[in-house]
Structure formats: structure tokens, C-alpha cells
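As provided, target_21.tsv (TSV, C-alpha atoms) reads as follows.
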chain	number	residue	atom	x	y	z
A	124	MET	CA	-39.65	-21.47	60.59
A	125	PRO	CA	-37.27	-21.98	57.67
A	126	THR	CA	-38.26	-24.86	55.42
A	127	THR	CA	-36.04	-27.93	55.25
A	128	GLN	CA	-37.49	-29.03	51.95
A	129	LYS	CA	-34.86	-29.14	49.22
A	130	ILE	CA	-35.86	-27.04	46.26
A	131	ASP	CA	-34.22	-27.85	42.93
A	132	ILE	CA	-33.34	-24.45	41.47
A	133	PHE	CA	-30.94	-25.76	38.81
A	134	LYS	CA	-31.70	-26.71	35.22
A	135	LYS	CA	-31.04	-30.43	35.00
A	136	HIS	CA	-29.35	-30.35	31.58
A	137	ILE	CA	-26.86	-27.79	32.90
A	138	ALA	CA	-26.28	-29.42	36.30
A	139	VAL	CA	-25.30	-32.75	34.72
A	140	ASN	CA	-23.28	-31.26	31.88
A	141	LYS	CA	-19.62	-32.17	31.75
A	142	GLN	CA	-17.62	-29.03	31.01
A	143	TYR	CA	-15.31	-28.93	28.01
A	144	VAL	CA	-11.67	-28.89	29.11
A	145	GLY	CA	-9.17	-27.25	26.78
A	146	GLY	CA	-5.50	-28.04	26.44
A	147	SER	CA	-3.19	-27.37	29.37
A	148	THR	CA	-1.28	-24.11	29.62
A	149	ARG	CA	2.41	-23.93	30.51
A	150	SER	CA	1.56	-22.95	34.09
A	151	GLU	CA	-0.60	-26.06	34.47
A	152	THR	CA	2.16	-28.52	33.58
A	153	GLY	CA	3.29	-28.75	37.20
A	154	VAL	CA	6.62	-28.58	38.95
A	155	GLY	CA	9.61	-30.76	38.28
A	156	GLN	CA	9.42	-30.40	34.50
A	157	PRO	CA	12.34	-29.34	32.27
A	158	LYS	CA	13.03	-25.61	32.23
A	159	LYS	CA	12.71	-25.58	28.43
A	160	ILE	CA	9.23	-26.66	27.37
A	161	TYR	CA	8.00	-26.69	23.76
A	162	LYS	CA	4.25	-26.20	23.71
A	163	LEU	CA	3.01	-28.30	20.81
A	164	SER	CA	-0.39	-29.10	22.28
A	165	SER	CA	-2.79	-26.28	21.34
A	166	ASN	CA	-2.12	-25.50	17.64
A	167	GLU	CA	-0.81	-22.02	18.35
A	168	ASN	CA	1.47	-20.07	16.02
A	169	MET	CA	5.07	-20.84	16.97
A	170	LEU	CA	6.18	-17.63	15.25
A	171	GLY	CA	4.18	-15.65	17.78
A	172	THR	CA	1.70	-12.82	17.42
A	173	SER	CA	1.24	-10.70	14.32
A	174	PRO	CA	3.76	-7.84	14.65
A	175	GLN	CA	1.16	-5.41	13.33
A	176	ALA	CA	-1.28	-6.51	16.04
A	177	LEU	CA	1.35	-6.02	18.74
A	178	LEU	CA	2.14	-2.53	17.44
A	179	SER	CA	-1.55	-1.63	17.50
A	180	ILE	CA	-1.91	-2.90	21.08
A	181	ARG	CA	0.95	-0.65	22.20
A	182	LYS	CA	-0.59	2.33	20.42
A	183	ASN	CA	-3.91	1.88	22.22
A	184	PHE	CA	-2.81	1.37	25.83
A	185	HIS	CA	-3.77	4.96	26.61
A	186	GLN	CA	-7.46	4.27	25.84
A	187	LEU	CA	-8.02	1.58	28.43
A	188	HIS	CA	-9.66	3.85	30.99
A	189	GLU	CA	-12.58	4.60	28.63
A	190	TYR	CA	-15.43	2.69	26.97
A	191	ASN	CA	-14.27	3.14	23.41
A	192	TYR	CA	-16.53	0.95	21.31
A	193	GLU	CA	-20.14	0.38	22.33
A	194	ASN	CA	-20.48	-1.77	19.21
A	195	ASP	CA	-18.18	-3.53	16.77
A	196	LEU	CA	-18.96	-1.51	13.63
A	197	LYS	CA	-15.34	-0.44	13.12
A	198	PHE	CA	-14.25	-4.07	13.22
A	199	ARG	CA	-17.04	-5.22	10.90
A	200	LEU	CA	-16.13	-2.51	8.38
A	201	ALA	CA	-12.55	-3.77	8.42
A	202	LEU	CA	-13.75	-7.34	7.94
A	203	ALA	CA	-15.84	-6.33	4.94
A	204	ASP	CA	-12.75	-4.70	3.42
A	205	HIS	CA	-10.75	-7.84	4.17
A	206	PHE	CA	-13.35	-9.89	2.27
A	207	GLN	CA	-13.11	-7.38	-0.61
A	208	GLN	CA	-16.72	-6.33	-0.05
A	209	TYR	CA	-18.10	-9.73	-1.08
A	210	LEU	CA	-19.84	-9.52	2.29
A	211	THR	CA	-21.34	-6.42	3.87
A	212	PRO	CA	-20.51	-5.27	7.42
A	213	ASP	CA	-23.96	-6.45	8.53
A	214	GLN	CA	-23.07	-10.05	7.62
A	215	PHE	CA	-20.44	-10.37	10.36
A	216	ILE	CA	-20.82	-11.41	14.00
A	217	THR	CA	-17.84	-10.81	16.27
A	218	GLY	CA	-16.91	-12.23	19.64
A	219	ASN	CA	-14.22	-13.03	22.18
A	220	GLY	CA	-12.84	-16.02	20.31
A	221	GLY	CA	-14.49	-18.81	18.37
A	222	MET	CA	-15.71	-20.48	21.56
A	223	GLU	CA	-17.92	-17.55	22.51
A	224	LEU	CA	-19.37	-17.47	19.01
A	225	LEU	CA	-20.14	-21.18	19.06
A	226	GLU	CA	-22.03	-20.64	22.31
A	227	LEU	CA	-23.87	-17.74	20.65
A	228	PHE	CA	-24.97	-19.91	17.70
A	229	VAL	CA	-26.30	-22.61	20.00
A	230	ARG	CA	-28.07	-20.09	22.22
A	231	GLY	CA	-29.66	-18.54	19.17
A	232	PHE	CA	-30.98	-21.67	17.49
A	233	VAL	CA	-31.29	-24.45	20.08
A	234	ASP	CA	-33.84	-25.19	22.81
A	235	PRO	CA	-34.46	-28.34	24.86
A	236	GLY	CA	-35.77	-31.06	22.57
A	237	TYR	CA	-33.85	-29.91	19.51
A	238	GLU	CA	-30.94	-31.85	18.04
A	239	CYS	CA	-27.45	-31.00	16.81
A	240	ILE	CA	-25.21	-33.17	14.64
A	241	LEU	CA	-21.43	-33.51	14.81
A	242	SER	CA	-18.93	-36.03	13.47
A	243	SER	CA	-16.33	-37.36	15.88
A	244	PRO	CA	-13.46	-37.31	16.33
A	245	THR	CA	-13.80	-33.54	16.37
A	246	PHE	CA	-13.80	-30.43	18.54
A	247	MET	CA	-16.02	-31.60	21.40
A	248	ALA	CA	-16.91	-28.10	22.63
A	249	TYR	CA	-19.76	-28.36	20.11
A	250	LYS	CA	-21.29	-31.12	22.21
A	251	ASN	CA	-20.78	-29.22	25.46
A	252	PHE	CA	-22.52	-26.05	24.26
A	253	ALA	CA	-25.42	-27.93	22.68
A	254	GLU	CA	-26.09	-29.99	25.80
A	255	ILE	CA	-25.99	-26.89	28.01
A	256	GLN	CA	-28.96	-25.65	25.97
A	257	GLY	CA	-30.75	-28.95	26.51
A	258	ALA	CA	-30.19	-30.30	23.00
A	259	LYS	CA	-29.66	-33.92	22.05
A	260	VAL	CA	-26.32	-34.39	20.29
A	261	ILE	CA	-26.21	-36.89	17.43
A	262	ASP	CA	-22.77	-38.18	16.54
A	263	VAL	CA	-22.32	-39.41	12.97
A	264	PRO	CA	-18.69	-40.55	13.25
A	265	LEU	CA	-16.11	-39.97	10.58
A	266	LYS	CA	-15.32	-43.11	8.60
A	267	ALA	CA	-12.91	-45.36	10.48
A	268	GLY	CA	-9.36	-45.32	9.22
A	269	SER	CA	-9.68	-42.52	6.66
A	270	PHE	CA	-11.59	-40.03	8.84
A	271	GLU	CA	-13.67	-39.07	5.80
A	272	LEU	CA	-17.03	-37.43	6.41
A	273	ASP	CA	-20.05	-39.74	6.28
A	274	ALA	CA	-22.24	-37.34	4.32
A	275	GLU	CA	-25.03	-39.85	3.67
A	276	GLY	CA	-25.03	-40.78	7.35
A	277	ILE	CA	-25.50	-37.11	8.24
A	278	LEU	CA	-28.38	-36.69	5.81
A	279	ASN	CA	-30.06	-39.79	7.22
A	280	ALA	CA	-29.66	-38.44	10.78
A	281	ILE	CA	-31.47	-35.17	10.03
A	282	ASN	CA	-35.06	-35.00	11.26
A	283	PRO	CA	-37.59	-32.22	12.02
A	284	ASN	CA	-35.87	-31.53	15.38
A	285	THR	CA	-32.41	-31.00	13.90
A	286	ARG	CA	-31.25	-27.40	14.13
A	287	LEU	CA	-27.44	-27.29	13.82
A	288	LEU	CA	-24.89	-29.31	11.86
A	289	PHE	CA	-21.27	-28.75	12.85
A	290	LEU	CA	-18.77	-29.21	10.02
A	291	THR	CA	-15.11	-28.68	10.89
A	292	ASN	CA	-13.03	-28.11	7.77
A	293	PRO	CA	-10.15	-28.84	8.15
A	294	ASN	CA	-11.07	-31.05	11.05
A	295	ASN	CA	-9.54	-30.88	14.51
A	296	PRO	CA	-7.85	-33.19	15.58
A	297	THR	CA	-7.49	-35.28	12.41
A	298	GLY	CA	-6.31	-32.53	10.05
A	299	THR	CA	-8.41	-34.10	7.30
A	300	PHE	CA	-10.63	-31.95	5.10
A	301	ILE	CA	-13.96	-32.32	3.33
A	302	PRO	CA	-13.62	-32.13	-0.49
A	303	LYS	CA	-15.72	-29.52	-2.25
A	304	SER	CA	-17.80	-32.14	-4.07
A	305	VAL	CA	-18.92	-33.52	-0.70
A	306	THR	CA	-19.75	-30.16	0.89
A	307	ASP	CA	-21.55	-29.10	-2.30
A	308	MET	CA	-23.75	-32.20	-2.21
A	309	LEU	CA	-24.36	-32.02	1.52
A	310	ILE	CA	-25.30	-28.36	1.71
A	311	GLU	CA	-27.52	-28.65	-1.36
A	312	ARG	CA	-29.52	-31.49	0.22
A	313	ILE	CA	-29.82	-30.16	3.77
A	314	PRO	CA	-33.38	-28.98	4.56
A	315	PRO	CA	-33.93	-25.28	5.25
A	316	HIS	CA	-34.61	-25.70	8.99
A	317	VAL	CA	-30.98	-26.81	9.57
A	318	ILE	CA	-28.11	-24.31	10.00
A	319	VAL	CA	-24.63	-25.45	9.00
A	320	VAL	CA	-21.89	-24.17	11.33
A	321	TYR	CA	-18.87	-24.30	9.02
A	322	ASP	CA	-15.86	-24.09	11.33
A	323	GLU	CA	-12.85	-23.21	9.18
A	324	VAL	CA	-10.54	-21.70	11.79
A	325	TYR	CA	-7.57	-23.54	10.21
A	326	PHE	CA	-8.31	-22.42	6.63
A	327	HIS	CA	-5.04	-20.45	6.35
A	328	TYR	CA	-3.11	-23.73	6.30
A	329	VAL	CA	-5.05	-25.53	3.55
A	330	THR	CA	-3.17	-26.31	0.35
A	331	ALA	CA	-5.69	-28.74	-1.20
A	332	THR	CA	-7.19	-27.41	-4.44
A	333	ASP	CA	-10.64	-28.95	-3.88
A	334	TYR	CA	-11.34	-27.18	-0.60
A	335	ALA	CA	-14.58	-25.21	-0.28
A	336	ARG	CA	-14.89	-22.07	1.81
A	337	ALA	CA	-17.94	-21.04	3.80
A	338	ILE	CA	-18.28	-17.82	1.82
A	339	ASP	CA	-18.92	-19.87	-1.34
A	340	TYR	CA	-22.23	-21.06	0.14
A	341	ILE	CA	-23.16	-17.87	1.95
A	342	LYS	CA	-23.00	-15.93	-1.32
A	343	GLN	CA	-25.53	-18.46	-2.66
A	344	GLY	CA	-27.87	-17.64	0.24
A	345	LYS	CA	-27.44	-21.01	1.97
A	346	ASN	CA	-28.05	-21.39	5.71
A	347	VAL	CA	-24.35	-21.48	6.54
A	348	ILE	CA	-22.36	-19.72	9.26
A	349	GLY	CA	-18.61	-19.45	8.67
A	350	LEU	CA	-16.36	-19.32	11.74
A	351	HIS	CA	-12.88	-17.76	11.88
A	352	SER	CA	-10.46	-17.16	14.74
A	353	PHE	CA	-7.45	-14.97	15.42
A	354	SER	CA	-6.04	-17.64	17.74
A	355	LYS	CA	-4.31	-19.73	15.09
A	356	ALA	CA	-2.47	-18.17	12.13
A	357	TYR	CA	-2.54	-14.65	13.58
A	358	GLY	CA	-0.98	-15.87	16.84
A	359	MET	CA	-3.48	-14.07	19.09
A	360	ALA	CA	-4.87	-16.91	21.22
A	361	GLY	CA	-4.32	-14.98	24.44
A	362	ILE	CA	-6.29	-11.91	23.38
A	363	ARG	CA	-9.50	-13.87	22.56
A	364	LEU	CA	-10.95	-12.65	19.27
A	365	GLY	CA	-12.96	-14.30	16.53
A	366	TYR	CA	-15.69	-13.60	14.02
A	367	ALA	CA	-18.40	-15.35	12.06
A	368	PHE	CA	-20.23	-14.48	8.87
A	369	SER	CA	-23.47	-15.56	7.28
A	370	THR	CA	-26.46	-14.40	5.28
A	371	PRO	CA	-27.84	-10.97	6.21
A	372	GLU	CA	-30.85	-12.63	7.85
A	373	ILE	CA	-28.89	-15.06	10.03
A	374	ALA	CA	-26.21	-12.52	10.97
A	375	GLY	CA	-28.84	-9.91	11.81
A	376	TYR	CA	-30.66	-12.38	14.03
A	377	LEU	CA	-27.52	-13.44	15.92
A	378	ASN	CA	-26.38	-9.86	16.41
A	379	ARG	CA	-29.58	-9.24	18.37
A	380	ILE	CA	-28.22	-11.38	21.23
A	381	ARG	CA	-24.71	-9.89	21.29
A	382	ARG	CA	-23.85	-7.88	24.39
A	383	PRO	CA	-22.90	-4.20	24.12
A	384	PHE	CA	-19.20	-3.48	24.71
A	385	MET	CA	-18.59	-7.14	23.93
A	386	ILE	CA	-15.06	-6.81	22.52
A	387	SER	CA	-12.27	-4.94	24.28
A	388	THR	CA	-10.50	-1.96	22.75
A	389	LEU	CA	-7.19	-3.81	22.50
A	390	ALA	CA	-8.74	-6.91	20.92
A	391	MET	CA	-10.61	-4.91	18.29
A	392	GLU	CA	-7.65	-2.71	17.36
A	393	ALA	CA	-5.30	-5.70	17.29
A	394	GLY	CA	-7.68	-7.63	15.07
A	395	ILE	CA	-8.04	-4.80	12.58
A	396	ALA	CA	-4.27	-4.46	12.37
A	397	ALA	CA	-3.72	-8.22	12.06
A	398	LEU	CA	-6.04	-8.44	9.06
A	399	LYS	CA	-3.54	-6.30	7.15
A	400	ASP	CA	-0.47	-8.26	8.26
A	401	HIS	CA	-0.14	-10.35	5.11
A	402	ALA	CA	3.60	-10.81	5.64
A	403	HIS	CA	3.05	-12.58	8.96
A	404	ILE	CA	0.44	-14.90	7.46
A	405	LYS	CA	2.69	-15.73	4.51
A	406	LYS	CA	5.65	-16.47	6.78
A	407	THR	CA	3.44	-18.66	8.96
A	408	GLN	CA	2.06	-20.60	6.02
A	409	GLU	CA	5.52	-21.18	4.56
A	410	LEU	CA	6.81	-22.44	7.90
A	411	VAL	CA	3.95	-24.91	8.31
A	412	VAL	CA	4.28	-26.29	4.78
A	413	LEU	CA	8.05	-26.79	5.17
A	414	GLU	CA	7.97	-28.23	8.68
A	415	LYS	CA	4.98	-30.48	7.98
A	416	GLN	CA	6.94	-32.26	5.26
A	417	TRP	CA	9.97	-32.54	7.55
A	418	LEU	CA	7.84	-34.12	10.28
A	419	TYR	CA	6.27	-36.53	7.79
A	420	THR	CA	9.76	-37.66	6.81
A	421	GLN	CA	10.80	-38.15	10.42
A	422	LEU	CA	7.62	-40.03	11.37
A	423	ASN	CA	8.08	-42.29	8.34
A	424	ARG	CA	11.65	-42.98	9.41
A	425	LEU	CA	10.49	-43.95	12.89
A	426	GLY	CA	7.69	-46.15	11.58
A	427	ILE	CA	4.95	-44.01	13.13
A	428	SER	CA	1.67	-43.93	11.19
A	429	TYR	CA	-0.14	-40.60	10.84
A	430	TRP	CA	-2.86	-38.82	8.88
A	431	LYS	CA	-1.98	-36.27	6.22
A	432	SER	CA	-3.04	-32.87	7.50
A	433	GLU	CA	-4.40	-29.69	5.94
A	434	ALA	CA	-3.87	-27.82	9.23
A	435	ASN	CA	-0.95	-26.79	11.45
A	436	PHE	CA	-0.92	-30.06	13.39
A	437	ILE	CA	-0.55	-33.78	12.77
A	438	LEU	CA	-2.50	-36.62	14.36
A	439	PHE	CA	-0.44	-39.78	14.69
A	440	SER	CA	-0.96	-43.27	16.07
A	441	SER	CA	0.47	-43.40	19.56
A	442	PRO	CA	2.94	-46.20	20.31
A	443	LEU	CA	1.81	-45.91	23.93
A	444	LEU	CA	-1.50	-45.23	25.58
A	445	PRO	CA	-2.16	-41.59	24.61
A	446	ALA	CA	-2.20	-40.25	28.18
A	447	MET	CA	1.05	-42.06	28.91
A	448	MET	CA	2.56	-40.73	25.69
A	449	ALA	CA	1.66	-37.15	26.61
A	450	GLU	CA	3.06	-37.62	30.10
A	451	LYS	CA	6.36	-39.04	28.86
A	452	CYS	CA	6.72	-36.27	26.27
A	453	LEU	CA	6.14	-33.68	28.98
A	454	GLU	CA	8.88	-35.25	31.07
A	455	LEU	CA	11.16	-34.60	28.09
A	456	GLY	CA	9.99	-31.01	27.66
A	457	ILE	CA	7.32	-31.46	24.96
A	458	MET	CA	3.63	-30.66	25.40
A	459	ILE	CA	1.33	-32.64	23.08
A	460	ARG	CA	-2.41	-33.51	23.22
A	461	SER	CA	-4.09	-36.88	23.57
A	462	GLY	CA	-6.57	-37.58	20.81
A	463	GLU	CA	-8.91	-39.28	23.26
A	464	VAL	CA	-10.47	-35.98	24.36
A	465	PHE	CA	-11.67	-35.59	20.75
A	466	LEU	CA	-12.88	-39.24	20.62
A	467	ALA	CA	-9.83	-40.23	18.55
A	468	PRO	CA	-8.57	-43.27	20.49
A	469	ASP	CA	-4.98	-44.55	20.37
A	470	SER	CA	-3.74	-41.28	18.87
A	471	VAL	CA	-1.90	-38.10	19.78
A	472	ARG	CA	-1.92	-34.66	18.17
A	473	VAL	CA	1.20	-32.53	17.80
A	474	THR	CA	1.34	-28.91	16.64
A	475	ILE	CA	3.74	-28.16	13.79
A	476	GLY	CA	6.38	-25.88	15.27
A	477	THR	CA	9.68	-24.35	14.31
A	478	ARG	CA	12.52	-26.64	13.27
A	479	GLU	CA	13.99	-26.32	16.76
A	480	ALA	CA	10.74	-27.39	18.40
A	481	ASN	CA	10.11	-30.15	15.89
A	482	LYS	CA	13.60	-31.57	16.37
A	483	ALA	CA	13.03	-31.58	20.12
A	484	PHE	CA	9.77	-33.47	19.62
A	485	ILE	CA	11.34	-36.07	17.33
A	486	HIS	CA	14.27	-36.48	19.74
A	487	ALA	CA	11.79	-37.08	22.59
A	488	LEU	CA	9.86	-39.55	20.44
A	489	GLU	CA	13.06	-41.44	19.68
A	490	LYS	CA	13.85	-41.69	23.38
A	491	ILE	CA	10.38	-42.99	24.15
A	492	LEU	CA	10.51	-45.58	21.39
A	493	LEU	CA	13.72	-46.98	22.89
A	494	THR	CA	11.79	-47.76	26.08
A	495	LEU	CA	8.97	-49.64	24.35
A	496	PRO	CA	10.10	-53.17	25.28
A	497	LYS	CA	9.61	-52.16	28.93
A	498	ALA	CA	6.54	-49.99	28.45
A	499	ILE	CA	2.84	-50.78	28.36
A	500	THR	CA	1.88	-50.21	24.74
A	501	THR	CA	-1.54	-49.63	23.36
A	502	LYS	CA	-1.41	-52.98	21.58
A	503	GLN	CA	-0.53	-54.79	24.79
A	504	GLN	CA	-3.43	-53.12	26.59
A	505	HIS	CA	-5.87	-54.37	23.96

Show the structure stored in the file as C-alpha cells.
Amino acid sequence: MPTTQKIDIFKKHIAVNKQYVGGSTRSETGVGQPKKIYKLSSNENMLGTSPQALLSIRKNFHQLHEYNYENDLKFRLALADHFQQYLTPDQFITGNGGMELLELFVRGFVDPGYECILSSPTFMAYKNFAEIQGAKVIDVPLKAGSFELDAEGILNAINPNTRLLFLTNPNNPTGTFIPKSVTDMLIERIPPHVIVVYDEVYFHYVTATDYARAIDYIKQGKNVIGLHSFSKAYGMAGIRLGYAFSTPEIAGYLNRIRRPFMISTLAMEAGIAALKDHAHIKKTQELVVLEKQWLYTQLNRLGISYWKSEANFILFSSPLLPAMMAEKCLELGIMIRSGEVFLAPDSVRVTIGTREANKAFIHALEKILLTLPKAITTKQQH
């Protein structure tokens, strides 16, 4: 007779894990919204995809019926050229976007009982991936108000079970960055059993002169993994492509758990082409610098407080409850992101768009502010 005894076949730390939920897509905004919607919620490139990447995709349609690349050597050779041979091809790890690579890092270094450190508000997928592997996540929050990194707090939180430290520079969603003097001190004092995941997917947008890059520490042989994505400045979020780089030892270890045929033909060819599209990157950077200053001016005019950003987005204090603010903006044709999902309460993040999109956002914000006497504000809720 079949047994009626319930057998628990699931790993507890996976069964209870709360999945990370990314920003909504256009198709998920629902019916009844304005026909014209400006998507300023996911930090995408408002200028679109790298033209060189698009051209390469068209050129390679005819190869889709075949397995073209069992490994990613062609891509890694292109990355080494892009880094002017400061890194060898063997120092790169490639994947289907930064998310897949983050999961790879955690899978490679974390087991149940180990610990990972992050600093909220930040990209909370770090927490999700670590907990799926059974790790304990230690949050050393950014300093209230300034969102500066609490470097001493991080050092005090490290113990023999710590395996990964996630540093996001510039940080998402705050847009703040960690000065070089701080990262120098922190990485110098971190014990050798801890790997620093240095997430710099927004590095293209940084204008600060005291900003440190992951490669600076990797060339010194430090236990650092740099993370880059094609989803932001290159405008390739929909194709899913990213890469990481580290010391030969760490990269070699992580490449042992990569799958064969991991990256599609179109993604690899598009990525190689995008690396050479300097004109698109320059145009993107110029747009963000110009429009960021315009948005600062408009937010100042409206009396909205915000944090200066080294990325392609701005986090600002929401005059309404963040979820309500996002809902009202959507009703007016603007998609923005509540900061609460990043553990940034009472705030909203907006992507820096074209002047047309930014004007639409400010116009929507003005309309919402006019309703404040009748609305439930964050202050009133507290």
C-alpha cells in the first residue's frame, strides 16, 4: 500500500526563501494606463541598444540553428583586449547577465553555516542568492542620512564564517559611491578567507575623481571579483549578458562550475561588438551628465530632497508613501521604483532619461504635488 507519511524532500533554506522581484516591465503595468509610458524604473539606457551590437545581431541570425560556441574563449579574448591586456583571458568569467554571475559566486563560495555581508539599502538580490545557499546574511547598513559605507562596522562584522562581502560602487539605489581611501583601507584589512564582490555595473556613469575600480585591487592580487553588465550603458538588458574578472586563481575556480554553451551566439557576438562602440558609450555618458544636472535643478525648484548620484538614476525623498507615489506616477505615464524594495524607506528611485522623458516625469511630479493637501503623505503616516 502507498505510504501516507509526508516526506520532506525540500531543502528548508530554499523552501522558505523569498524570491527577489525585479522591477516591473511595460507589459506588467496593467490595463487602463496612458498609451505613452516612460519607463524610468529599471536604470536602462534611454538611448537604446548599442548600434554596433544591433548590427552584429543581424549579421549572426543565420547561425542560430547551430551550436556555435561550446565555450566563451572568443568573448574572453575580446574582454582582454578591451582591458588593454592588463588582465588575461583566463581572468574573466562570463554569464547571462550580472544576476547569473552573482548566483555563480555564491554557489562557488558559500555553504550552509557561512555568512555574507551586505550594506543596505542596496541591491537585495545579494541576500536572496546567499540565503538560497543556506548562508546567514549580515546587514551592516549604510550610515543614515548620508548613505556612506560603514567600513569599520563591516570589519567588526567579519568572523571566521564570513565568505563574501558585497560592495556596490556606485550603490543601487542610492547612487552614492565609496571613495578610494575607504575601499583601499577596507580591502587592505579584510582577512584572506573573505572574497569581495565589487559590483561596479554603473561605473560608466561615475565622474568622481576619487573612485576606485575593481581592477586596481585585482592587479594587486587581492581577493576581489569585479562585476560588469551590458544591461546599463550598453543598452542590452533584454539580451542578458555580463562578465566578471578576478585573480587567475579565483577566476579559474569559478570557471569550473560554468555550464558549457552557457552564452548564446547572439549575446556573445553582440557583446564583442558593443565593447568597441565607444561612440555610443560617450553619447550615453554625455546625456546622463547633462540630464542629471537638469533634474537636480528641477527637484530643487520643487523642494524635493535627493541624494547626489554617480549613476544613471537619482534617489529622492518621496512626498507620498513610496508605493503610492509609484502608482500615481504610473497613472500619469511614468514608471519609477519604490526605494522600499532596497530597504530605502520613504524614497523613490528614478532613472535619468532623455529630456522628453525627464520633462514628463517632472510634469507628473508637479501634478502630484498639487494634490498633497488631499493626499496621505509619508509624514502624516508617521

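The environment of A:Glu275 within 12 Å, counting only C-alpha atoms and disregarding residues fewer than 3 places along the same chain, consists of A:Val263, A:Pro264, A:Leu265, A:Lys266, A:Glu271, A:Leu272, A:Leu278, A:Asn279, A:Ala280, A:Ile281, A:Val305, A:Thr306, A:Met308, A:Leu309, A:Ile310, A:Arg312, A:Ile313.
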
Write the residues you've just listed into a file as a PDB file, keeping the file's coordinate frame, and include C-alpha atoms for each of them.
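As written to disk, part_22.pdb reads:
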ATOM      1  CA  VAL A 263     -22.320 -39.410  12.970  1.00  0.00           C
ATOM      2  CA  PRO A 264     -18.690 -40.550  13.250  1.00  0.00           C
ATOM      3  CA  LEU A 265     -16.110 -39.970  10.580  1.00  0.00           C
ATOM      4  CA  LYS A 266     -15.320 -43.110   8.600  1.00  0.00           C
ATOM      5  CA  GLU A 271     -13.670 -39.070   5.800  1.00  0.00           C
ATOM      6  CA  LEU A 272     -17.030 -37.430   6.410  1.00  0.00           C
ATOM      7  CA  LEU A 278     -28.380 -36.690   5.810  1.00  0.00           C
ATOM      8  CA  ASN A 279     -30.060 -39.790   7.220  1.00  0.00           C
ATOM      9  CA  ALA A 280     -29.660 -38.440  10.780  1.00  0.00           C
ATOM     10  CA  ILE A 281     -31.470 -35.170  10.030  1.00  0.00           C
ATOM     11  CA  VAL A 305     -18.920 -33.520  -0.700  1.00  0.00           C
ATOM     12  CA  THR A 306     -19.750 -30.160   0.890  1.00  0.00           C
ATOM     13  CA  MET A 308     -23.750 -32.200  -2.210  1.00  0.00           C
ATOM     14  CA  LEU A 309     -24.360 -32.020   1.520  1.00  0.00           C
ATOM     15  CA  ILE A 310     -25.300 -28.360   1.710  1.00  0.00           C
ATOM     16  CA  ARG A 312     -29.520 -31.490   0.220  1.00  0.00           C
ATOM     17  CA  ILE A 313     -29.820 -30.160   3.770  1.00  0.00           C
TER      18      ILE A 313
END

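As for atom CA of A:Thr291 and atom CA of A:Val139, they are spaced 26.2 Å apart.
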
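Relative to atom CA of A:Gly456, atom CA of A:Lys158 is found at 7.7 Å.
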
* Counting all atoms listed in the file, what is within 12 Å of A:Gly361, bar same-chain residues fewer than 6 positions away, as an MDAnalysis selection string? -> chainID A and resid 148 165 167:168 171:172 219:220 352:355 389:390 393

Written file, previous selection with C-alpha atoms, as a short mmCIF file (atom, residue, chain, number, x, y, z; two decimals), keeping the file's coordinate frame:
data_model
loop_
_atom_site.label_atom_id
_atom_site.label_comp_id
_atom_site.auth_asym_id
_atom_site.auth_seq_id
_atom_site.Cartn_x
_atom_site.Cartn_y
_atom_site.Cartn_z
CA THR A 148 -1.28 -24.11 29.62
CA SER A 165 -2.79 -26.28 21.34
CA GLU A 167 -0.81 -22.02 18.35
CA ASN A 168 1.47 -20.07 16.02
CA GLY A 171 4.18 -15.65 17.78
CA THR A 172 1.70 -12.82 17.42
CA ASN A 219 -14.22 -13.03 22.18
CA GLY A 220 -12.84 -16.02 20.31
CA SER A 352 -10.46 -17.16 14.74
CA PHE A 353 -7.45 -14.97 15.42
CA SER A 354 -6.04 -17.64 17.74
CA LYS A 355 -4.31 -19.73 15.09
CA LEU A 389 -7.19 -3.81 22.50
CA ALA A 390 -8.74 -6.91 20.92
CA ALA A 393 -5.30 -5.70 17.29
#

* Give as a count of residues only every residue, naming chains and numbers as the document does, that has an atom within 12 Å of (-16.6, -3.4, 15.5), counting only C-alpha atoms. => 38
